[in-house]
>>> print(open('entry.cif').read())   # mmCIF, C-alpha atoms
data_data
#
loop_
_atom_site.group_PDB
_atom_site.id
_atom_site.type_symbol
_atom_site.label_atom_id
_atom_site.label_comp_id
_atom_site.auth_asym_id
_atom_site.auth_seq_id
_atom_site.Cartn_x
_atom_site.Cartn_y
_atom_site.Cartn_z
ATOM 1 C CA MET A 1 24.148 70.043 -45.397
ATOM 2 C CA LYS A 2 22.106 70.985 -42.312
ATOM 3 C CA LEU A 3 19.408 72.568 -44.509
ATOM 4 C CA LEU A 4 19.222 69.376 -46.562
ATOM 5 C CA PHE A 5 18.827 67.315 -43.398
ATOM 6 C CA TYR A 6 16.034 69.592 -42.078
ATOM 7 C CA SER A 7 14.301 69.425 -45.447
ATOM 8 C CA LEU A 8 14.486 65.619 -45.434
ATOM 9 C CA ILE A 9 13.031 65.512 -41.905
ATOM 10 C CA PHE A 10 10.237 67.856 -42.980
ATOM 11 C CA ILE A 11 9.475 65.809 -46.101
ATOM 12 C CA LEU A 12 9.524 62.615 -44.025
ATOM 13 C CA GLN A 13 7.152 64.150 -41.513
ATOM 14 C CA SER A 14 4.793 65.265 -44.307
ATOM 15 C CA VAL A 15 4.846 61.799 -45.890
ATOM 16 C CA ILE A 16 4.103 60.106 -42.537
ATOM 17 C CA ALA A 17 1.327 62.611 -41.837
ATOM 18 C CA TRP A 18 -0.120 62.031 -45.285
ATOM 19 C CA LYS A 19 0.011 58.243 -44.814
ATOM 20 C CA LEU A 20 -1.608 58.514 -41.404
ATOM 21 C CA ALA A 21 -4.267 60.770 -42.844
ATOM 22 C CA HIS A 22 -5.117 58.051 -45.360
ATOM 23 C CA TYR A 23 -5.061 55.406 -42.663
ATOM 24 C CA TYR A 24 -7.421 57.401 -40.521
ATOM 25 C CA ASP A 25 -9.468 58.603 -43.475
ATOM 26 C CA ASP A 26 -12.502 56.532 -42.629
ATOM 27 C CA LEU A 27 -12.255 57.411 -38.952
ATOM 28 C CA ILE A 28 -11.757 61.120 -39.426
ATOM 29 C CA SER A 29 -15.454 61.793 -39.539
ATOM 30 C CA SER A 30 -15.803 61.490 -35.758
ATOM 31 C CA SER A 31 -14.563 64.374 -33.632
ATOM 32 C CA SER A 32 -12.460 62.062 -31.353
ATOM 33 C CA ASN A 33 -10.615 60.708 -34.407
ATOM 34 C CA VAL A 34 -10.006 64.260 -35.633
ATOM 35 C CA ALA A 35 -8.352 64.883 -32.261
ATOM 36 C CA THR A 36 -6.243 61.718 -32.671
ATOM 37 C CA TYR A 37 -5.201 62.858 -36.134
ATOM 38 C CA ILE A 38 -4.260 66.337 -34.875
ATOM 39 C CA GLY A 39 -2.466 64.735 -31.892
ATOM 40 C CA THR A 40 -0.421 62.501 -34.203
ATOM 41 C CA ASN A 41 0.615 65.464 -36.310
ATOM 42 C CA ILE A 42 1.525 67.506 -33.250
ATOM 43 C CA SER A 43 3.635 64.548 -32.014
ATOM 44 C CA LEU A 44 5.394 64.387 -35.355
ATOM 45 C CA PHE A 45 5.976 68.118 -35.275
ATOM 46 C CA ALA A 46 7.387 67.802 -31.729
ATOM 47 C CA LEU A 47 9.606 64.980 -32.953
ATOM 48 C CA PHE A 48 10.831 67.227 -35.745
ATOM 49 C CA ILE A 49 11.581 70.024 -33.231
ATOM 50 C CA ALA A 50 13.364 67.524 -30.937
ATOM 51 C CA ILE A 51 15.529 66.205 -33.778
ATOM 52 C CA SER A 52 16.316 69.778 -34.837
ATOM 53 C CA GLU A 53 17.348 70.606 -31.253
ATOM 54 C CA ILE A 54 19.549 67.486 -31.057
ATOM 55 C CA ILE A 55 21.254 68.526 -34.277
ATOM 56 C CA ARG A 56 21.631 72.096 -33.011
ATOM 57 C CA LEU A 57 23.074 70.834 -29.689
ATOM 58 C CA GLY A 58 25.376 68.505 -31.620
ATOM 59 C CA SER A 59 26.776 71.364 -33.653
ATOM 60 C CA THR A 60 27.065 73.530 -30.491
ATOM 61 C CA ALA A 61 28.997 70.680 -28.797
ATOM 62 C CA LYS A 62 31.250 70.471 -31.858
ATOM 63 C CA MET A 63 31.842 74.237 -31.673
ATOM 64 C CA ILE A 64 32.674 73.982 -27.950
ATOM 65 C CA LEU A 65 35.128 71.135 -28.629
ATOM 66 C CA LYS A 66 36.681 73.107 -31.490
ATOM 67 C CA THR A 67 37.041 76.199 -29.270
ATOM 68 C CA ALA A 68 38.523 74.046 -26.468
ATOM 69 C CA GLU A 69 41.038 72.550 -28.910
ATOM 70 C CA GLU A 70 41.929 76.031 -30.222
ATOM 71 C CA THR A 71 42.366 77.282 -26.645
ATOM 72 C CA LYS A 72 44.573 74.267 -25.841
ATOM 73 C CA GLN A 73 46.706 74.962 -28.932
ATOM 74 C CA SER A 74 46.980 78.642 -27.949
ATOM 75 C CA VAL A 75 48.115 77.670 -24.430
ATOM 76 C CA ILE A 76 50.734 75.267 -25.896
ATOM 77 C CA MET A 77 51.916 78.008 -28.258
ATOM 78 C CA LEU A 78 52.160 80.526 -25.390
ATOM 79 C CA GLU A 79 54.102 77.989 -23.308
ATOM 80 C CA ASN A 80 56.421 77.401 -26.270
ATOM 81 C CA ILE A 81 56.936 81.154 -26.717
ATOM 82 C CA LYS A 82 57.721 81.369 -22.974
ATOM 83 C CA LYS A 83 60.192 78.452 -23.270
ATOM 84 C CA LEU A 84 61.774 80.034 -26.360
ATOM 85 C CA GLY A 85 62.132 83.246 -24.355
ATOM 86 C CA GLU A 86 63.830 81.303 -21.543
ATOM 87 C CA ILE A 87 66.208 79.624 -24.037
ATOM 88 C CA SER A 88 66.915 82.989 -25.609
ATOM 89 C CA SER A 89 67.773 84.573 -22.254
ATOM 90 C CA SER A 90 69.937 81.569 -21.222
ATOM 91 C CA ILE A 91 72.141 81.644 -24.324
ATOM 92 C CA PRO A 92 73.995 84.905 -23.436
ATOM 93 C CA ILE A 93 74.675 83.409 -19.951
ATOM 94 C CA VAL A 94 76.250 80.332 -21.614
ATOM 95 C CA ARG A 95 78.240 82.550 -23.939
ATOM 96 C CA ASN A 96 79.637 84.524 -20.983
ATOM 97 C CA HIS A 97 80.516 81.311 -19.136
ATOM 98 C CA ILE A 98 82.428 80.081 -22.201
ATOM 99 C CA ILE A 99 84.235 83.400 -22.631
ATOM 100 C CA ASN A 100 85.130 83.341 -18.910
ATOM 101 C CA LYS A 101 86.240 79.695 -19.284
ATOM 102 C CA LYS A 102 83.600 78.436 -16.831
ATOM 103 C CA TYR A 103 83.021 75.368 -18.951
ATOM 104 C CA VAL A 104 81.233 73.184 -16.383
ATOM 105 C CA ALA A 105 78.591 75.868 -15.843
ATOM 106 C CA ALA A 106 78.312 76.348 -19.608
ATOM 107 C CA ILE A 107 77.783 72.591 -20.149
ATOM 108 C CA HIS A 108 75.142 72.546 -17.409
ATOM 109 C CA TYR A 109 73.185 75.406 -19.048
ATOM 110 C CA LEU A 110 73.644 73.977 -22.525
ATOM 111 C CA ASN A 111 72.226 70.598 -21.521
ATOM 112 C CA SER A 112 69.079 72.202 -20.151
ATOM 113 C CA ILE A 113 68.833 74.473 -23.231
ATOM 114 C CA LEU A 114 69.137 71.426 -25.487
ATOM 115 C CA LYS A 115 66.314 69.678 -23.637
ATOM 116 C CA SER A 116 64.039 72.758 -23.712
ATOM 117 C CA TYR A 117 64.853 73.247 -27.383
ATOM 118 C CA PHE A 118 63.825 69.660 -28.134
ATOM 119 C CA ASP A 119 60.613 69.967 -26.078
ATOM 120 C CA THR A 120 59.655 73.288 -27.663
ATOM 121 C CA MET A 121 60.397 72.733 -31.323
ATOM 122 C CA ASP A 122 58.126 70.962 -33.716
ATOM 123 C CA ILE A 123 59.559 67.416 -33.889
ATOM 124 C CA SER A 124 59.041 67.263 -37.653
ATOM 125 C CA LEU A 125 61.374 70.265 -38.030
ATOM 126 C CA ILE A 126 64.067 68.616 -35.924
ATOM 127 C CA LYS A 127 63.700 65.429 -37.959
ATOM 128 C CA ASP A 128 64.180 67.432 -41.157
ATOM 129 C CA VAL A 129 67.945 67.165 -41.766
ATOM 130 C CA LYS A 130 67.956 70.385 -43.836
ATOM 131 C CA SER A 131 65.991 72.593 -41.417
ATOM 132 C CA THR A 132 67.494 75.469 -39.427
ATOM 133 C CA GLU A 133 65.990 73.936 -36.271
ATOM 134 C CA ARG A 134 67.929 70.687 -36.856
ATOM 135 C CA LYS A 135 71.146 72.547 -37.752
ATOM 136 C CA ASN A 136 70.928 74.598 -34.571
ATOM 137 C CA TYR A 137 70.090 71.514 -32.498
ATOM 138 C CA ASP A 138 73.185 69.729 -33.859
ATOM 139 C CA LYS A 139 75.237 72.897 -33.321
ATOM 140 C CA LEU A 140 74.230 73.042 -29.626
ATOM 141 C CA GLN A 141 75.098 69.364 -29.280
ATOM 142 C CA ARG A 142 78.460 69.972 -30.949
ATOM 143 C CA ILE A 143 79.336 72.820 -28.565
ATOM 144 C CA ILE A 144 78.539 70.537 -25.585
ATOM 145 C CA ARG A 145 80.706 67.801 -27.107
ATOM 146 C CA GLN A 146 83.624 70.169 -27.710
ATOM 147 C CA LEU A 147 83.423 71.505 -24.167
ATOM 148 C CA GLU A 148 83.186 68.031 -22.654
ATOM 149 C CA THR A 149 85.989 66.445 -24.660
ATOM 150 C CA ASN A 150 88.457 69.185 -25.371
ATOM 151 C CA SER A 151 87.786 72.227 -23.188
ATOM 152 C CA ARG A 152 91.388 72.470 -21.976
ATOM 153 C CA ASN A 153 92.628 72.908 -25.519
ATOM 154 C CA LEU A 154 90.175 75.489 -26.764
ATOM 155 C CA THR A 155 91.869 78.394 -28.496
ATOM 156 C CA GLU A 156 90.613 81.982 -28.502
ATOM 157 C CA SER A 157 89.438 81.418 -32.043
ATOM 158 C CA ASP A 158 87.465 78.285 -30.958
ATOM 159 C CA ILE A 159 85.829 80.319 -28.197
ATOM 160 C CA LYS A 160 85.019 83.146 -30.589
ATOM 161 C CA LYS A 161 83.469 80.663 -33.009
ATOM 162 C CA MET A 162 81.325 79.104 -30.257
ATOM 163 C CA SER A 163 80.243 82.559 -29.167
ATOM 164 C CA ASN A 164 79.272 83.498 -32.734
ATOM 165 C CA ASP A 165 77.415 80.203 -33.181
ATOM 166 C CA LEU A 166 75.448 80.844 -29.986
ATOM 167 C CA ASP A 167 74.573 84.376 -31.147
ATOM 168 C CA LYS A 168 73.389 82.996 -34.474
ATOM 169 C CA ILE A 169 71.256 80.331 -32.734
ATOM 170 C CA ASN A 170 69.760 83.027 -30.504
ATOM 171 C CA LEU A 171 68.935 85.183 -33.503
ATOM 172 C CA ASP A 172 67.147 82.234 -35.174
ATOM 173 C CA ILE A 173 65.214 81.570 -31.943
ATOM 174 C CA SER A 174 64.177 85.255 -31.708
ATOM 175 C CA ILE A 175 62.918 85.163 -35.303
ATOM 176 C CA LEU A 176 61.037 81.931 -34.609
ATOM 177 C CA SER A 177 59.572 83.322 -31.386
ATOM 178 C CA LYS A 178 58.326 86.477 -33.163
ATOM 179 C CA ASP A 179 56.902 84.313 -35.919
ATOM 180 C CA LYS A 180 55.001 82.217 -33.349
ATOM 181 C CA GLU A 181 53.755 85.374 -31.578
ATOM 182 C CA GLY A 182 52.507 86.640 -34.931
ATOM 183 C CA LYS A 183 50.630 83.395 -35.519
ATOM 184 C CA GLY A 184 49.277 83.402 -31.959
ATOM 185 C CA MET B 1 90.804 52.058 -29.106
ATOM 186 C CA ILE B 2 87.536 51.556 -30.913
ATOM 187 C CA PRO B 3 85.153 49.823 -28.491
ATOM 188 C CA LYS B 4 84.205 46.317 -29.643
ATOM 189 C CA ALA B 5 80.527 47.193 -30.038
ATOM 190 C CA TYR B 6 81.369 49.870 -32.619
ATOM 191 C CA LYS B 7 84.120 48.193 -34.608
ATOM 192 C CA LYS B 8 82.101 46.432 -37.297
ATOM 193 C CA TYR B 9 79.821 49.472 -37.701
ATOM 194 C CA ILE B 10 82.760 51.816 -38.215
ATOM 195 C CA ASN B 11 84.015 49.537 -41.003
ATOM 196 C CA LYS B 12 80.491 49.361 -42.452
ATOM 197 C CA ILE B 13 80.219 53.178 -42.424
ATOM 198 C CA ILE B 14 83.563 53.434 -44.250
ATOM 199 C CA GLU B 15 82.363 50.913 -46.831
ATOM 200 C CA LEU B 16 79.010 52.651 -47.385
ATOM 201 C CA THR B 17 80.709 56.043 -47.675
ATOM 202 C CA GLU B 18 83.130 54.704 -50.292
ATOM 203 C CA ASP B 19 80.122 53.368 -52.216
ATOM 204 C CA ASN B 20 78.491 56.825 -51.987
ATOM 205 C CA LYS B 21 75.604 55.340 -50.010
ATOM 206 C CA ILE B 22 76.367 57.547 -47.021
ATOM 207 C CA ILE B 23 76.860 61.226 -47.834
ATOM 208 C CA TRP B 24 78.581 63.415 -45.263
ATOM 209 C CA ASP B 25 78.354 67.162 -44.594
ATOM 210 C CA ILE B 26 80.900 69.628 -43.273
ATOM 211 C CA ALA B 27 79.706 70.221 -39.711
ATOM 212 C CA ASP B 28 82.497 72.431 -38.481
ATOM 213 C CA ASP B 29 86.211 72.974 -38.775
ATOM 214 C CA LYS B 30 87.689 69.438 -38.848
ATOM 215 C CA GLU B 31 84.317 67.845 -38.227
ATOM 216 C CA TYR B 32 82.022 65.941 -40.581
ATOM 217 C CA SER B 33 78.528 64.742 -39.902
ATOM 218 C CA CYS B 34 75.941 62.485 -41.385
ATOM 219 C CA LYS B 35 72.281 62.860 -40.469
ATOM 220 C CA THR B 36 69.144 60.773 -40.560
ATOM 221 C CA SER B 37 65.752 61.895 -39.316
ATOM 222 C CA ASP B 38 66.478 60.357 -35.889
ATOM 223 C CA ALA B 39 70.198 60.689 -35.333
ATOM 224 C CA THR B 40 73.443 62.396 -36.243
ATOM 225 C CA ILE B 41 76.836 60.753 -36.426
ATOM 226 C CA SER B 42 79.968 62.814 -36.556
ATOM 227 C CA VAL B 43 83.698 62.331 -36.790
ATOM 228 C CA SER B 44 86.134 65.046 -35.838
ATOM 229 C CA SER B 45 89.823 65.493 -35.339
ATOM 230 C CA PHE B 46 91.633 67.500 -32.669
ATOM 231 C CA PHE B 47 95.003 67.872 -31.088
ATOM 232 C CA HIS B 48 95.397 67.676 -27.320
ATOM 233 C CA ILE B 49 98.146 70.098 -26.352
ATOM 234 C CA ASP B 50 98.661 68.826 -22.771
ATOM 235 C CA GLU B 51 98.862 65.188 -23.839
ATOM 236 C CA ASN B 52 100.648 66.006 -27.091
ATOM 237 C CA LEU B 53 98.345 63.586 -28.891
ATOM 238 C CA SER B 54 96.132 63.671 -31.943
ATOM 239 C CA TYR B 55 92.627 62.320 -31.591
ATOM 240 C CA PHE B 56 89.728 61.259 -33.747
ATOM 241 C CA LEU B 57 86.386 61.565 -32.022
ATOM 242 C CA PHE B 58 83.351 59.572 -33.103
ATOM 243 C CA SER B 59 79.904 60.495 -31.859
ATOM 244 C CA PHE B 60 76.425 59.075 -32.326
ATOM 245 C CA PHE B 61 73.586 61.248 -31.099
ATOM 246 C CA ASP B 62 70.029 59.936 -31.011
ATOM 247 C CA PHE B 63 67.902 62.985 -30.283
ATOM 248 C CA GLU B 64 64.646 61.082 -29.914
ATOM 249 C CA LYS B 65 66.097 59.111 -27.002
ATOM 250 C CA GLN B 66 68.175 62.156 -26.048
ATOM 251 C CA HIS B 67 71.368 60.243 -25.664
ATOM 252 C CA GLU B 68 74.820 60.520 -27.107
ATOM 253 C CA VAL B 69 77.528 57.889 -27.222
ATOM 254 C CA ARG B 70 81.056 58.734 -28.237
ATOM 255 C CA PHE B 71 84.589 57.489 -28.140
ATOM 256 C CA ARG B 72 87.953 58.859 -29.133
ATOM 257 C CA VAL B 73 91.068 57.231 -30.463
ATOM 258 C CA SER B 74 94.543 58.711 -30.097
ATOM 259 C CA ASN B 75 97.510 58.335 -32.421
ATOM 260 C CA GLU B 76 99.078 56.029 -29.844
ATOM 261 C CA ASN B 77 96.374 53.473 -30.442
ATOM 262 C CA ASN B 78 96.265 50.687 -33.010
ATOM 263 C CA ASP B 79 92.822 51.710 -34.240
ATOM 264 C CA PHE B 80 94.026 55.187 -35.146
ATOM 265 C CA GLU B 81 94.431 54.158 -38.791
ATOM 266 C CA VAL B 82 90.848 52.904 -39.003
ATOM 267 C CA MET B 83 89.602 56.204 -37.576
ATOM 268 C CA GLU B 84 91.865 58.141 -39.905
ATOM 269 C CA ARG B 85 90.325 56.249 -42.815
ATOM 270 C CA LEU B 86 86.821 57.032 -41.559
ATOM 271 C CA TYR B 87 87.738 60.713 -41.216
ATOM 272 C CA THR B 88 89.307 60.781 -44.683
ATOM 273 C CA VAL B 89 86.371 59.147 -46.480
ATOM 274 C CA ALA B 90 83.934 61.373 -44.579
ATOM 275 C CA ALA B 91 85.901 64.473 -45.592
ATOM 276 C CA ALA B 92 86.090 63.263 -49.207
ATOM 277 C CA SER B 93 82.331 62.752 -49.250
ATOM 278 C CA ALA B 94 81.568 66.100 -47.587
ATOM 279 C CA ILE B 95 83.672 68.164 -49.978
ATOM 280 C CA ASN B 96 82.801 65.971 -52.985
ATOM 281 C CA ILE B 97 86.475 65.351 -53.621
ATOM 282 C CA GLU B 98 85.988 63.531 -56.932
ATOM 283 C CA SER B 99 84.384 66.554 -58.539
ATOM 284 C CA GLU B 100 86.942 68.898 -56.930
ATOM 285 C CA LEU B 101 89.885 66.858 -58.233
ATOM 286 C CA GLU B 102 88.320 66.440 -61.699
ATOM 287 C CA SER B 103 87.966 70.185 -61.936
ATOM 288 C CA PHE B 104 91.485 70.741 -60.622
ATOM 289 C CA ILE B 105 93.070 68.301 -63.081
ATOM 290 C CA SER B 106 91.035 69.603 -66.017
ATOM 291 C CA GLU B 107 92.679 73.008 -65.497
ATOM 292 C CA PHE B 108 96.047 71.414 -66.329
ATOM 293 C CA GLU B 109 94.682 69.342 -69.174
ATOM 294 C CA LYS B 110 93.535 72.506 -70.961
ATOM 295 C CA GLU B 111 97.107 73.695 -71.288
#
>>> encode(input="entry.cif", output="structure tokens")
Amino acid sequence: MKLLFYSLIFILQSVIAWKLAHYYDDLISSSSNVATYIGTNISLFALFIAISEIIRLGSTAKMILKTAEETKQSVIMLENIKKLGEISSSIPIVRNHIINKKYVAAIHYLNSILKSYFDTMDISLIKDVKSTERKNYDKLQRIIRQLETNSRNLTESDIKKMSNDLDKINLDISILSKDKEGKG
Amino acid sequence: MIPKAYKKYINKIIELTEDNKIIWDIADDKEYSCKTSDATISVSSFFHIDENLSYFLFSFFDFEKQHEVRFRVSNENNDFEVMERLYTVAAASAINIESELESFISEFEKE
């Protein structure tokens, strides 16, 4: 594409030079007119160089913008990996609070995990009702709901189930985090 | 009791479920959920040992706005039957009861 553009500019310059040469044909006999003719061609050549430089600068600017965007995406991905790591390290704390029946502390941690999870995950994945990300998001919400509405009646089997669910969520997050690291 | 703001929607959800327009999933033990891309509704049942009461819990969670609204109805309340109906139709939808019963009955019809 660039080569085509340069070629067009060159052809255009040649055509203009040829036209000017015809225009100045009768004047070209005098040495001052020869100088004018040469000057015109040099100007056109300079114009060609200038246009080429503008195009080159344009593509350099595009490259810089592309690199900046890639860097921004990398920073976002690193932040997400960091947040996923924080979620992953918070889940065992929640699990221990639930096992030790410290439900208020567990709810507090779970609410902040839920928020981080929402901020970190790709929204399209959470919107996808069949995705693992959505299932885990709903599962976290369900654990909060159970703790808030019925914590005094939780049986050992309920607690074991919550604990297993949290372990499963953490495993999915670890897989996702490794996947993101691989992409990064 | 079912709060006034929810009443007509609970009946609408029951109606749409019976018409197979809303399909439920098994979310957990004694809990059924229905999801859209923006929200999840769920209905669950539990027994409160201290109060010696049965409850149905309804929840609507909008994750985009990050808010959840919920209410529960005990067996001492007049709306318990409405909630029981919601829970029953949700369970029937989630386990695809028609197909289950067809298959069950066909076992006897073979004999």
>>> closest_residue(input="entry.cif", among="B:Asn20, B:Pro3, B:Val43, B:Lys8", to="chain A", atoms="all atoms listed in the file")
B:Val43
>>> interface_residues(input="entry.cif", of="chain A", to="chain B", cutoff="12 Å", atoms="all atoms listed in the file", output="ChimeraX atom specification")
/A:111-112,114-119,123-131,134-146,148-155,157-158,161-162,165
>>> atom_distance(input="entry.cif", atom1="CA of Glu156 (chain A)", atom2="CA of Leu110 (chain A)")
19.7 Å
>>> residues_near_point(input="entry.cif", point="(83.7, 76.8, -17.9)", cutoff="12 Å", atoms="only C-alpha atoms", output="list in words")
Ile93, Val94, Arg95, Asn96, His97, Ile98, Ile99, Asn100, Lys101, Lys102, Tyr103, Val104, Ala105, Ala106, Ile107, His108, Tyr109, Leu110, Ile144, Gln146, Leu147, Glu148, Asn150, Ser151, Arg152, Leu154 and Ile159 of chain A
>>> atom_distance(input="entry.cif", atom1="CA of Asp179 (chain A)", atom2="CA of Ile76 (chain A)")
14.8 Å
>>> residues_around(input="entry.cif", residues="region 73-88 of chain B", least_positions_apart="6", cutoff="9 Å", atoms="only C-alpha atoms", output="PyMOL selection string")
chain B and resi 1-2+10-11+13-14+17+31-32+43-45+53-58
>>> atom_distance(input="entry.cif", atom1="CA of Ile55 (chain A)", atom2="CA of Thr40 (chain A)")
22.5 Å
>>> resolve_selection(input="entry.cif", expression="the PyMOL selection byres ((chain A and resi 77) around 10)", output="PyMOL selection string")
chain A and resi 71-76+78-83+120+177+180-181+183-184
>>> decode(input="entry.cif", residues="region 100-160 of chain A", atoms="C-alpha atoms", output="compact mmCIF listing (two decimals), in the first residue's frame")
# COMPACT_ATOMS: atom_id res chain seq x y z
CA ASN A 100 -14.57 -21.85 62.51
CA LYS A 101 -18.12 -20.44 62.32
CA LYS A 102 -16.89 -16.84 62.07
CA TYR A 103 -19.63 -16.02 59.60
CA VAL A 104 -19.54 -12.21 59.83
CA ALA A 105 -15.84 -12.18 58.92
CA ALA A 106 -16.50 -14.68 56.13
CA ILE A 107 -19.30 -12.49 54.70
CA HIS A 108 -17.03 -9.44 54.87
CA TYR A 109 -14.26 -11.21 52.90
CA LEU A 110 -16.72 -12.75 50.46
CA ASN A 111 -18.25 -9.38 49.61
CA SER A 112 -14.86 -7.92 48.76
CA ILE A 113 -13.93 -11.09 46.80
CA LEU A 114 -17.18 -10.81 44.84
CA LYS A 115 -16.41 -7.20 43.94
CA SER A 116 -12.80 -7.97 42.91
CA TYR A 117 -14.03 -10.96 40.93
CA PHE A 118 -16.49 -8.75 39.04
CA ASP A 119 -13.85 -6.06 38.40
CA THR A 120 -11.25 -8.57 37.23
CA MET A 121 -13.24 -10.89 35.01
CA ASP A 122 -14.13 -10.18 31.44
CA ILE A 123 -17.72 -8.87 31.63
CA SER A 124 -18.74 -10.86 28.56
CA LEU A 125 -17.80 -14.07 30.42
CA ILE A 126 -19.89 -13.10 33.44
CA LYS A 127 -22.80 -12.27 31.15
CA ASP A 128 -22.52 -15.71 29.56
CA VAL A 129 -24.97 -17.80 31.61
CA LYS A 130 -23.13 -21.04 30.73
CA SER A 131 -19.58 -19.88 31.54
CA THR A 132 -17.54 -21.12 34.50
CA GLU A 133 -16.91 -17.48 35.46
CA ARG A 134 -20.68 -16.85 35.76
CA LYS A 135 -21.27 -20.14 37.63
CA ASN A 136 -18.56 -19.28 40.13
CA TYR A 137 -19.84 -15.71 40.48
CA ASP A 138 -23.34 -17.02 41.27
CA LYS A 139 -21.83 -19.62 43.62
CA LEU A 140 -20.00 -16.90 45.61
CA GLN A 141 -23.23 -14.90 45.77
CA ARG A 142 -25.11 -17.98 46.95
CA ILE A 143 -22.63 -18.65 49.77
CA ILE A 144 -23.03 -15.02 50.95
CA ARG A 145 -26.81 -15.39 50.82
CA GLN A 146 -26.75 -18.65 52.79
CA LEU A 147 -24.49 -17.15 55.43
CA GLU A 148 -26.58 -13.99 55.72
CA THR A 149 -29.97 -15.68 55.88
CA ASN A 150 -29.42 -19.00 57.54
CA SER A 151 -26.00 -19.14 59.21
CA ARG A 152 -27.39 -20.33 62.55
CA ASN A 153 -28.85 -23.42 60.93
CA LEU A 154 -25.90 -24.53 58.86
CA THR A 155 -25.11 -28.20 59.29
CA GLU A 156 -21.64 -29.74 59.10
CA SER A 157 -22.56 -31.03 55.67
CA ASP A 158 -23.57 -27.48 54.54
CA ILE A 159 -20.23 -26.17 55.79
CA LYS A 160 -18.35 -28.96 54.05
